[in-house]
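J.: Please find one structure pasted underneath; my questions will follow.
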Amino acid sequence: MKILVTGGCGYVGSVLIPKLLSDGHSIISVDTKWFGDYLPKHKNLKNIKLDISNISNLKIDKLDCCIHLASIANDPMAELDKSLSWETSALNTYNLMEFLKKLKTKRIIYASSGSVYGISKKSKVTENTPLKPISLYNKVKMVTERVILSYSRSIETFIVRPATVCGYSPRMRLDVTVNALTFSALQNKEIKVFGGKQVRPNIHIDDLCDIYRFFLKTNKKNTGIYNAGFENKSILDIAKFIKNIIPSKINIFKDLSDPRSYRLDSTKIIKIGFKPRKTIRHAIDEISEKYSNRILKQQDNFHSLKWLKKIIKKN
Ligand SMILES: NC(=O)c1ccc[n+]([C@@H]2O[C@H](COP(=O)([O-])OP(=O)(O)OC[C@H]3O[C@@H](n4cnc5c(N)ncnc54)[C@H](O)[C@@H]3O)[C@@H](O)[C@H]2O)c1
């Protein structure tokens, strides 16, 4: 298949694209490359530095599918520049959809976010649970879903609502829960927990990439919205779990700047045949191994918020 991946140089894209290449697909990656470029060179990969607001400049005549990952990708980053967040994620998605429609692209797979549910005390948050987005990031994701769904008559539409992703990527993110707490335990022998009672769902990066690969092949009758998270745990329980593996101490702070709390139920995707293979434990072990082999080190561009602040200031 010929696949356009937006945001291909990001944390998820950097793991996904090598897998798609080894599946035999031809890939065009478009990315502003804010956080660098860790994609391998490959005869079937066109790796283009491009803002998707200029997607109509891309010279291609045919596409089978688009996996749309480009976005400002967490709550505090979205607050940095509100209009940039709406433009990057929602408005640009409209431009992208028009472009895909012109090319008669068959299918789009969109990386939304499980955080569109906001705060929910329900024991099971399914795809039918009403959305209560509590941050700008959540609102942008919710509206972008609607933009994409409005094209579902002409393009087969798959919306994925991933949990917080964990695990190693060459473009590492040290701002997502399991990765951040594991890295801090390894480097500082200390795990800082803010609040701690918030329950968050988690997904291993390999499982999420496998979901995108699964949706490339699945029957078009399965179009729709899917939760993607297989381990719901409180932040404090994640910290305790890490402490049992990596000797460290936990310090709890009362600050609750990020109150999002919900338990994802992903039965729907399992019912259509997807099987997760990995867990938080795999992510911790893989990150620890990369750290002890000195492949994973402290790097400023692995802290997305601080790094994006610098980029916005420069422009
Ligand atoms: N990582 C997670 O825990 C998580 C959880 C749920 C959903 N998601 C979603 O998955 C997607 C990928 O997340 P990620 O963790 O890889 O984030 P990331 O920030 O590492 O990757 C996003 C990429 O998009 C690029 N980008 C941003 N705006 C662009 C634009 N206008 N044009 C072209 N490229 C642009 C950035 O340079 C970056 O490389 C995002 O949409 C994110 O919201 C991520």
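The way I read the labels, and the way they are meant: chains A, B, ... in the order of the structure tokens, residue 1 as the first residue of every chain, and ligand 1 as the first ligand shown, with later ones counted on from there.
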Which protein, DNA or RNA residues have an atom within 7 Å of ligand 1, counting only C-alpha atoms and all ligand atoms, as a PyMOL selection string?
T.: chain A and resi 6-13+30-35+50-53+69-74+88-89+92+111-114+161-166+171+173+176+304
J.: May I have the residues from that selection written out with N, CA and C atoms, as a compact mmCIF listing (two decimals), in the first residue's frame?
T.:
# COMPACT_ATOMS: atom_id res chain seq x y z
N THR A 6 1.26 11.39 8.63
CA THR A 6 1.55 12.76 9.08
C THR A 6 2.11 12.66 10.50
N GLY A 7 3.05 13.54 10.83
CA GLY A 7 3.67 13.46 12.16
C GLY A 7 4.55 12.21 12.29
N GLY A 8 5.09 11.78 11.15
CA GLY A 8 5.84 10.52 11.09
C GLY A 8 7.16 10.54 11.87
N CYS A 9 7.68 11.73 12.18
CA CYS A 9 8.96 11.80 12.91
C CYS A 9 8.74 11.86 14.43
N GLY A 10 7.49 11.77 14.87
CA GLY A 10 7.21 11.87 16.30
C GLY A 10 7.50 10.56 17.03
N TYR A 11 7.14 10.55 18.31
CA TYR A 11 7.37 9.40 19.21
C TYR A 11 6.75 8.12 18.63
N VAL A 12 5.47 8.19 18.26
CA VAL A 12 4.79 6.99 17.74
C VAL A 12 5.25 6.71 16.30
N GLY A 13 5.31 7.77 15.48
CA GLY A 13 5.69 7.60 14.07
C GLY A 13 7.06 6.93 13.92
N VAL A 30 5.24 13.11 6.34
CA VAL A 30 5.33 14.58 6.37
C VAL A 30 5.32 15.02 7.82
N ASP A 31 6.28 15.88 8.15
CA ASP A 31 6.43 16.31 9.55
C ASP A 31 7.20 17.62 9.57
N THR A 32 6.84 18.49 10.51
CA THR A 32 7.59 19.74 10.69
C THR A 32 8.97 19.47 11.31
N LYS A 33 9.16 18.27 11.84
CA LYS A 33 10.43 17.83 12.48
C LYS A 33 10.79 18.69 13.67
N TRP A 34 9.79 19.10 14.44
CA TRP A 34 10.02 19.90 15.64
C TRP A 34 10.97 19.22 16.62
N PHE A 35 10.83 17.90 16.75
CA PHE A 35 11.60 17.19 17.79
C PHE A 35 12.74 16.38 17.19
N LEU A 50 7.54 19.04 6.11
CA LEU A 50 6.41 19.81 5.59
C LEU A 50 5.37 20.01 6.68
N ASP A 51 4.88 21.23 6.77
CA ASP A 51 3.77 21.51 7.68
C ASP A 51 2.49 21.08 6.97
N ILE A 52 1.61 20.36 7.65
CA ILE A 52 0.42 19.87 6.92
C ILE A 52 -0.51 21.01 6.50
N SER A 53 -0.27 22.22 6.99
CA SER A 53 -1.07 23.34 6.45
C SER A 53 -0.76 23.54 4.97
N LEU A 69 -1.11 11.39 12.42
CA LEU A 69 -0.58 11.52 13.78
C LEU A 69 -0.20 12.95 14.13
N ALA A 70 -0.03 13.82 13.11
CA ALA A 70 0.49 15.18 13.38
C ALA A 70 -0.46 15.95 14.28
N SER A 71 0.11 16.50 15.34
CA SER A 71 -0.71 17.25 16.30
C SER A 71 0.23 17.83 17.36
N ILE A 72 -0.27 18.85 18.05
CA ILE A 72 0.39 19.22 19.30
C ILE A 72 -0.12 18.21 20.30
N ALA A 73 0.80 17.47 20.93
CA ALA A 73 0.41 16.16 21.44
C ALA A 73 0.29 16.00 22.95
N ASN A 74 0.03 17.04 23.69
CA ASN A 74 -0.43 16.83 25.07
C ASN A 74 -1.04 18.10 25.66
N THR A 88 -3.00 23.75 14.03
CA THR A 88 -2.21 22.55 13.77
C THR A 88 -3.09 21.32 13.69
N SER A 89 -3.99 21.19 14.65
CA SER A 89 -4.70 19.92 14.72
C SER A 89 -6.04 19.95 13.98
N ASN A 92 -5.88 22.26 10.09
CA ASN A 92 -5.03 21.54 9.15
C ASN A 92 -5.62 20.19 8.78
N ALA A 111 -5.22 9.41 14.92
CA ALA A 111 -4.80 9.30 16.32
C ALA A 111 -5.50 10.40 17.10
N SER A 112 -6.66 10.07 17.67
CA SER A 112 -7.30 11.01 18.59
C SER A 112 -6.68 10.79 19.96
N SER A 113 -7.47 10.83 21.03
CA SER A 113 -6.89 10.58 22.36
C SER A 113 -7.99 10.12 23.31
N GLY A 114 -7.62 9.18 24.18
CA GLY A 114 -8.56 8.73 25.21
C GLY A 114 -8.91 9.86 26.16
N ARG A 161 -8.74 6.14 19.86
CA ARG A 161 -8.57 6.97 21.07
C ARG A 161 -7.56 6.28 21.98
N PRO A 162 -6.26 6.54 21.75
CA PRO A 162 -5.26 5.81 22.54
C PRO A 162 -5.18 6.31 23.97
N ALA A 163 -4.87 5.37 24.85
CA ALA A 163 -4.48 5.66 26.22
C ALA A 163 -3.10 6.34 26.19
N THR A 164 -2.57 6.66 27.36
CA THR A 164 -1.21 7.20 27.39
C THR A 164 -0.25 6.10 26.94
N VAL A 165 0.63 6.46 26.02
CA VAL A 165 1.50 5.46 25.41
C VAL A 165 2.76 5.32 26.27
N CYS A 166 3.29 4.10 26.33
CA CYS A 166 4.55 3.88 27.06
C CYS A 166 5.47 2.99 26.23
N ARG A 171 12.70 8.57 18.92
CA ARG A 171 12.31 9.94 19.29
C ARG A 171 11.54 9.74 20.61
N ARG A 173 9.77 10.14 24.23
CA ARG A 173 9.02 11.14 25.00
C ARG A 173 9.17 10.82 26.47
N VAL A 176 5.53 11.45 29.14
CA VAL A 176 4.34 10.61 29.31
C VAL A 176 4.57 9.68 30.52
N SER A 304 8.88 17.35 25.49
CA SER A 304 8.18 18.05 24.42
C SER A 304 7.77 19.47 24.80
J.: Identify, with DSSP run on backbone atoms, the residues in stretch 53-270 of chain A assigned to strand (DSSP E or B), and express the list as a ChimeraX atom specification.
T.: /A:65-68,107-111,119,125,156-162,164-166,190-194,199-204,224-228,231-234,249-253,261,264
J.: For A:Tyr151, which residue among A:Ser85, A:Asn95, A:Thr267, A:Ser22 is the nearest when counting only C-alpha atoms?
T.: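 Between A:Ser85, A:Asn95, A:Thr267, A:Ser22, the residue approaching A:Tyr151 most closely is A:Asn95.
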J.: To one decimal place in Å, what is the distance between atom CA of A:Asn44 and atom CA of A:Glu156?
T.: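 Atom CA of A:Glu156 lies 24.4 Å from atom CA of A:Asn44.
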J.: Between A:Asn227, A:Asn301, A:Asn54, A:Asn188, single out the one closest to A:Ile250, counting only C-alpha atoms.
T.: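 Ranked by minimum distance to A:Ile250, first place goes to A:Asn188.
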J.: Identify which of the residues A:Lys59, A:His25, A:Lys314, A:Lys189 lies closest to A:Lys43, counting only C-alpha atoms when measuring atom-to-atom distances.
T.: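 That would be A:His25, the residue with the smallest distance to A:Lys43.
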J.: Nearest to A:Asn138 among A:Asn57, A:Ser266, A:Thr223, A:Ser115, with distances taken over only C-alpha atoms: which residue is it?
T.: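 Under the stated criterion, the closest residue is A:Ser115.
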J.: Could you check which of A:Ser234, A:Ser135, A:Ser154, A:Asn128 is closest to A:Met97, using only C-alpha atoms?
T.: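 Of A:Ser234, A:Ser135, A:Ser154, A:Asn128, the one nearest A:Met97 is A:Ser154, counting only C-alpha atoms.
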